[in-house]
Amino acid sequence: MISWPASIAASPADIVGATADAGQQMAKPGLFQRIRRSLAYIISPEDEPEPLPVKRRPPASARTRAGAVESFDEQLKKLLSQSGGKSLVSGRINLIGLGKIKQRFGDSWPHVAGRADRIARNTIEHYLVQGDIYSSVRGGIAYVIVFAHLPEDQARVKCALIGNEIAKALLGEDATDMLEIKTATEQVDGSFKLEDAHIELDEDSAVEPTSDVLEFAEVDEAAAAAKGAPPTEPTVRDSPRSEPLESLRFLYRPVWDQTRNVVPAYLCLSQAPSADGSSLWWDGAAVTQSDPEKRARLDEIVLKHTLDDLRELVRENRTLLLIMPLHFDSVASAARRRRYAQLLQERLDDAMRKLLLIEIEGTPHGVPQPRLVEIIAPLRPHCRNLLLRLAPETIDFGNIKGTGVGGAGCDVAYHPGPEFLLMQHLNRFARTASEKATLQTYLLGANSMSLVAAALGAGFQYIAGDAIAKPVNHPRGLIEFSLSDLYSRVANG
Amino acid sequence: VRQRFVGASCHQKEKGCMTKILVIDDDVIVRETIIQILEDRGFQVVSAEDGRRGLAAFRSEKPDLVITDIIMPEKEGIQTLTEIRRERPDAKVIAISGGGRIGNTDFLKIAQKLGAADVIAKPFDPDDFLARVDRCLAS
């Protein structure tokens with residue numbers, strides 16, 4: 001027997017119009033009633049909601065990205081009221097069902113049901129942004145997700161990504177066909193019908209780098225902060241300081257090559273003092289909300305500083321690599337790209353070029369290959385190698401292949417969500433990037449030994465983070481460093 | 001932390017006292033398999049899904065033997081092993097590792113260096129595994 005979620009079962013009046021109020025609404029049903037009635041029928045056709053028990057069960061909590069606990073119905077009503085009484089945009093209400101997976105597990109389903117629910121919830125929560133809501137239905141083998149703002153095509157991609165991750169986590173394989181993915185579309189008669197929303201996650205279906213995508217990235221971070229994810233290093237968002245770029249301080253993060261047992265590279269970090277006197281990192285994640293021109297100016301300052309230090313290293317005959325970060329948006333426009341390439345040309349000589357790696361941060365998910373080539377081509381001749389910093393959830397590197405990018409990495413310092421899920425992402429990231437796209441892989445933000453071990457196990461070649469070494473004022477040169485060195489620190493407490 | 005008791009053919013370290021083994025592994029399939037192997041042999045098994053919970057279980061359950069994976073969330077195995085040995089220098093720990101893309105031997109060598117009574121690479125043979133468990137408990 002499929003059980004109704006408490007949030008739905010507890011509100012049959014909303015569904016069948018049992019009360020006078022609801023009855024009136026039934027005569028001219030509002031959007032909420034139409035949706036709930038449609039969902040009630042479609043979500044579980046064979047399982048009519050039971051009459052209310054004498055003692056009402058407490059409503060199941062719907063979860064929001066911000067972690068507020070409110071009933072799913074209340075949140076759905078709130079979402080609808082925010083749309084100003086207008087009809088919902090198709091694609092906002094979606095269903096992901098695990099019925100086939102349950103069938104595949106057969107008798108052993110009860111043993112994995114808890115884990116499946118945990119994985120599904122964690123994955124969904126990871127992809128939701130502020131305002132989005134979801135609720136488990138059908139006794140925990142399906143989930144209704146309502147996106148607050150997402151257009152239909154992006155909602156489909158997001159649902160596909162969620163489904164893909166759930167399937168991989170549960171079955172260890174790409175098996176989205178084992179999942180029911182549906183989206184509610186409004187019919188002529190005003191009812192809603194759940195239609196199949198499976199899409200293939202390939203380059204064609206990748207989300208274009210629209211302003212919407214960037215907006216979501218911003219909300220995502222704000223939500224993560226609201227959720228209380230403790231960043232190991234503070235971030236600058238929109239700094240209250242009028243011009244923090246003038247007072248930037250630079251540090252270098254040692255990057256360990258675990259395959260050669262050496263620290264061959266240092267990543268340039270810029271740090272801005274905050275109004276209260278503490279230091280704030282000004283990195284890729286932090287400046288998401290800043291305007292591109294401001295970002296470009298920051299990148300130009302970082303370029304000048306890094307290249308000055310690199311020149312010094314070359315003069316001292318020290319052969320180590322410097323990684324210079326660059327924001328995608330800073331070189332997204334042709335004019336800014338030309339300006340940046342011009343600076344590189346003016347300040348680099350051959351010896352320096354051999355020791356410079358450029359790392360592009362903030363590349364939108366699924367940016368088409370021709371666009372990547374357009375951005376990378378003018379930069380590639382000026383460096384030894386070009387790296388792309390991507391989200392740990394990245395599963396498709398097809399668009400990077402053949403663009404001239406030599407490495408892909410991710411920064412997990414601010415990653416929200418449980419570590420076990422992150423470790424699954426890292427395994428997939430390193431395996432796919434190296435095996436399918438023949439890219440070198442690196443991990444930043446490995447601030448705990450468990451993340452270092454996970455990165456090693458996943459096969460990341462380069463690892464950086466507080467667990468390896470804290471940032472230093474100046475690159476020190478090639479340092480030998482092995483797994484034994486790392487664990488001797490652990491042993492010594 | 002989950003606790004299981006097996007009644008009939010229990011291993012007795014003393015009269016009326018079953019040998020208790022703590023299994024720490026984040027992979028539910030591996031964890032369940034190890035639990036099954038140990039329970040079939042009559043051990044009392046306590047389990048945890050990561051190093052942090054494993055340490056808590058070690059403190060509360062006072063197991064006779066700890067079997068820990070290396071790559072785990074929250075607190076990985078070698079750190080767990082080190083903290084266990086720091087709290088109870090005579091604690092017996094078997095480290096298991098595998099599935100990762102780097103050589104298991106690197107992790108396992110370090111685990112042994114830091115006090116693991118034995119190390120086992122995944123995948124392992126159940127009979128060999130049990131023999132090593134017996135050897136550790138007897139030592």
# chains A, B, ... in the order shown; residues from 1 in each chain; ligands from 1

call {"tool": "closest_atom_pairs", "arguments": {"of": "chain B", "to": "chain A", "cutoff": "12 Å", "atoms": "only C-alpha atoms", "output": "tab-separated table"}}
result
residue	atom	partner	partner_atom	distance
B:Asp25	CA	A:Phe420	CA	11.5
B:Asp26	CA	A:Phe420	CA	8.0
B:Asp27	CA	A:Phe420	CA	9.8
B:Val28	CA	A:Arg115	CA	8.8
B:Ile29	CA	A:Val112	CA	9.8
B:Glu32	CA	A:His111	CA	10.2
B:Glu49	CA	A:Phe420	CA	9.9
B:Asp50	CA	A:Phe420	CA	9.1
B:Gly51	CA	A:Ser450	CA	9.0
B:Arg52	CA	A:Ser450	CA	10.5
B:Asp69	CA	A:Ala453	CA	11.2
B:Ile70	CA	A:Ala453	CA	7.7
B:Ile71	CA	A:Ala453	CA	5.6
B:Met72	CA	A:Ser450	CA	6.3
B:Pro73	CA	A:Phe420	CA	5.3
B:Glu74	CA	A:Ser450	CA	6.0
B:Lys75	CA	A:Ser450	CA	5.2
B:Glu76	CA	A:Ser450	CA	4.6
B:Gly77	CA	A:Ser450	CA	8.2
B:Ile78	CA	A:Tyr487	CA	7.9
B:Gln79	CA	A:Val490	CA	6.5
B:Thr80	CA	A:Val490	CA	10.0
B:Leu81	CA	A:Ala491	CA	9.6
B:Thr82	CA	A:Ala491	CA	6.2
B:Glu83	CA	A:Ala491	CA	8.5
B:Ile84	CA	A:Ala491	CA	11.2
B:Arg85	CA	A:Ala491	CA	9.8
B:Arg86	CA	A:Ala491	CA	9.0
B:Ser97	CA	A:Gly457	CA	9.7
B:Gly98	CA	A:Gly457	CA	8.4
B:Gly99	CA	A:Gly457	CA	7.5
B:Gly100	CA	A:Gly457	CA	4.0
B:Arg101	CA	A:Gly459	CA	5.2
B:Ile102	CA	A:Gly457	CA	5.7
B:Gly103	CA	A:Gly457	CA	8.6
B:Asn104	CA	A:Gly457	CA	8.7
B:Thr105	CA	A:Leu483	CA	11.5
B:Asp106	CA	A:Leu483	CA	7.7
B:Phe107	CA	A:Leu483	CA	8.1
B:Leu108	CA	A:Ser484	CA	11.1
B:Lys109	CA	A:Ser484	CA	9.2
B:Ile110	CA	A:Ser484	CA	6.7
B:Ala111	CA	A:Tyr487	CA	9.1
B:Gln112	CA	A:Ser484	CA	11.7
B:Lys113	CA	A:Ser484	CA	9.5
B:Leu114	CA	A:Ala491	CA	7.1
B:Gly115	CA	A:Ala491	CA	10.0

call {"tool": "atom_distance", "arguments": {"atom1": "atom CA of Asp196 of chain A", "atom2": "atom CA of Arg92 of chain A"}}
result
13.6 Å

call {"tool": "residues_around", "arguments": {"residues": "Arg476 of chain A", "least_positions_apart": "6", "cutoff": "9 Å", "atoms": "only C-alpha atoms", "output": "list in words"}}
result
Pro254, Tyr266, Arg318 and Leu320 of chain A

call {"tool": "residues_around", "arguments": {"residues": "Asp125 of chain B", "least_positions_apart": "5", "cutoff": "12 Å", "atoms": "only C-alpha atoms", "output": "PDB file with C-alpha atoms, in the first residue's frame"}}
result
ATOM      1  CA  THR B  33      29.159  -8.016   4.048  1.00  0.00           C
ATOM      2  CA  ILE B  34      31.757  -7.751   6.791  1.00  0.00           C
ATOM      3  CA  ILE B  37      30.857 -12.668   7.831  1.00  0.00           C
ATOM      4  CA  ILE B 120      43.732  -5.968   4.222  1.00  0.00           C
ATOM      5  CA  LEU B 130      38.441 -14.348   9.292  1.00  0.00           C
ATOM      6  CA  ALA B 131      41.867 -15.896   9.767  1.00  0.00           C
ATOM      7  CA  ARG B 132      43.363 -12.445  10.153  1.00  0.00           C
TER       8      ARG B 132
END

call {"tool": "residues_around", "arguments": {"residues": "Ala57 of chain B", "least_positions_apart": "3", "cutoff": "10 Å", "atoms": "only C-alpha atoms", "output": "list in words"}}
result
Val1, Arg2, Gln3, Leu22, Val23, Ile24, Val46, Ser47, Ala48, Gly51, Arg52, Arg53, Gly54, Ser60, Glu61, Lys62 and Pro63 of chain B

call {"tool": "select_by_dssp", "arguments": {"residues": "chain B", "states": "strand (DSSP E)", "output": "ChimeraX atom specification"}}
result
/B:2-4,12-14,17-18,20-24,44-48,65-69,93-97,118-121

call {"tool": "atom_distance", "arguments": {"atom1": "atom CA of Ile94 of chain B", "atom2": "atom CA of Ala56 of chain B"}}
result
17.5 Å

call {"tool": "residues_around", "arguments": {"residues": "Ser139 of chain B", "least_positions_apart": "6", "cutoff": "12 Å", "atoms": "only C-alpha atoms", "output": "PDB file with N, CA, C and O atoms, in the first residue's frame"}}
result
ATOM      1  N   ASP B  64      36.657  -5.152  21.211  1.00  0.00           N
ATOM      2  CA  ASP B  64      37.923  -5.883  21.330  1.00  0.00           C
ATOM      3  C   ASP B  64      38.775  -5.690  20.079  1.00  0.00           C
ATOM      4  O   ASP B  64      39.981  -5.852  20.117  1.00  0.00           O
ATOM      5  N   LEU B  65      38.105  -5.397  18.985  1.00  0.00           N
ATOM      6  CA  LEU B  65      38.815  -5.209  17.713  1.00  0.00           C
ATOM      7  C   LEU B  65      38.058  -4.180  16.878  1.00  0.00           C
ATOM      8  O   LEU B  65      36.829  -4.150  16.880  1.00  0.00           O
ATOM      9  N   ASP B  90      46.747  -0.034  23.357  1.00  0.00           N
ATOM     10  CA  ASP B  90      46.712  -1.482  23.107  1.00  0.00           C
ATOM     11  C   ASP B  90      45.540  -1.875  22.203  1.00  0.00           C
ATOM     12  O   ASP B  90      45.305  -3.071  21.970  1.00  0.00           O
ATOM     13  N   ALA B  91      44.793  -0.897  21.705  1.00  0.00           N
ATOM     14  CA  ALA B  91      43.629  -1.218  20.855  1.00  0.00           C
ATOM     15  C   ALA B  91      44.090  -1.937  19.588  1.00  0.00           C
ATOM     16  O   ALA B  91      45.101  -1.579  18.989  1.00  0.00           O
ATOM     17  N   LYS B  92      43.325  -2.956  19.208  1.00  0.00           N
ATOM     18  CA  LYS B  92      43.662  -3.713  17.992  1.00  0.00           C
ATOM     19  C   LYS B  92      42.815  -3.195  16.834  1.00  0.00           C
ATOM     20  O   LYS B  92      41.592  -3.167  16.928  1.00  0.00           O
ATOM     21  N   VAL B  93      43.517  -2.805  15.795  1.00  0.00           N
ATOM     22  CA  VAL B  93      42.811  -2.231  14.640  1.00  0.00           C
ATOM     23  C   VAL B  93      43.289  -2.922  13.357  1.00  0.00           C
ATOM     24  O   VAL B  93      44.492  -3.097  13.144  1.00  0.00           O
ATOM     25  N   ALA B 117      47.143  -3.423  13.460  1.00  0.00           N
ATOM     26  CA  ALA B 117      47.624  -4.787  13.731  1.00  0.00           C
ATOM     27  C   ALA B 117      47.739  -5.572  12.434  1.00  0.00           C
ATOM     28  O   ALA B 117      48.587  -6.460  12.307  1.00  0.00           O
ATOM     29  N   ASP B 118      46.891  -5.245  11.490  1.00  0.00           N
ATOM     30  CA  ASP B 118      46.941  -5.923  10.194  1.00  0.00           C
ATOM     31  C   ASP B 118      46.296  -5.004   9.161  1.00  0.00           C
ATOM     32  O   ASP B 118      45.537  -4.096   9.515  1.00  0.00           O
ATOM     33  N   ARG B 132      42.635 -13.625   9.656  1.00  0.00           N
ATOM     34  CA  ARG B 132      43.363 -12.445  10.153  1.00  0.00           C
ATOM     35  C   ARG B 132      42.688 -11.874  11.400  1.00  0.00           C
ATOM     36  O   ARG B 132      43.358 -11.435  12.337  1.00  0.00           O
ATOM     37  N   VAL B 133      41.367 -11.883  11.394  1.00  0.00           N
ATOM     38  CA  VAL B 133      40.630 -11.409  12.575  1.00  0.00           C
ATOM     39  C   VAL B 133      40.993 -12.281  13.787  1.00  0.00           C
ATOM     40  O   VAL B 133      41.315 -11.780  14.866  1.00  0.00           O
TER      41      VAL B 133
END
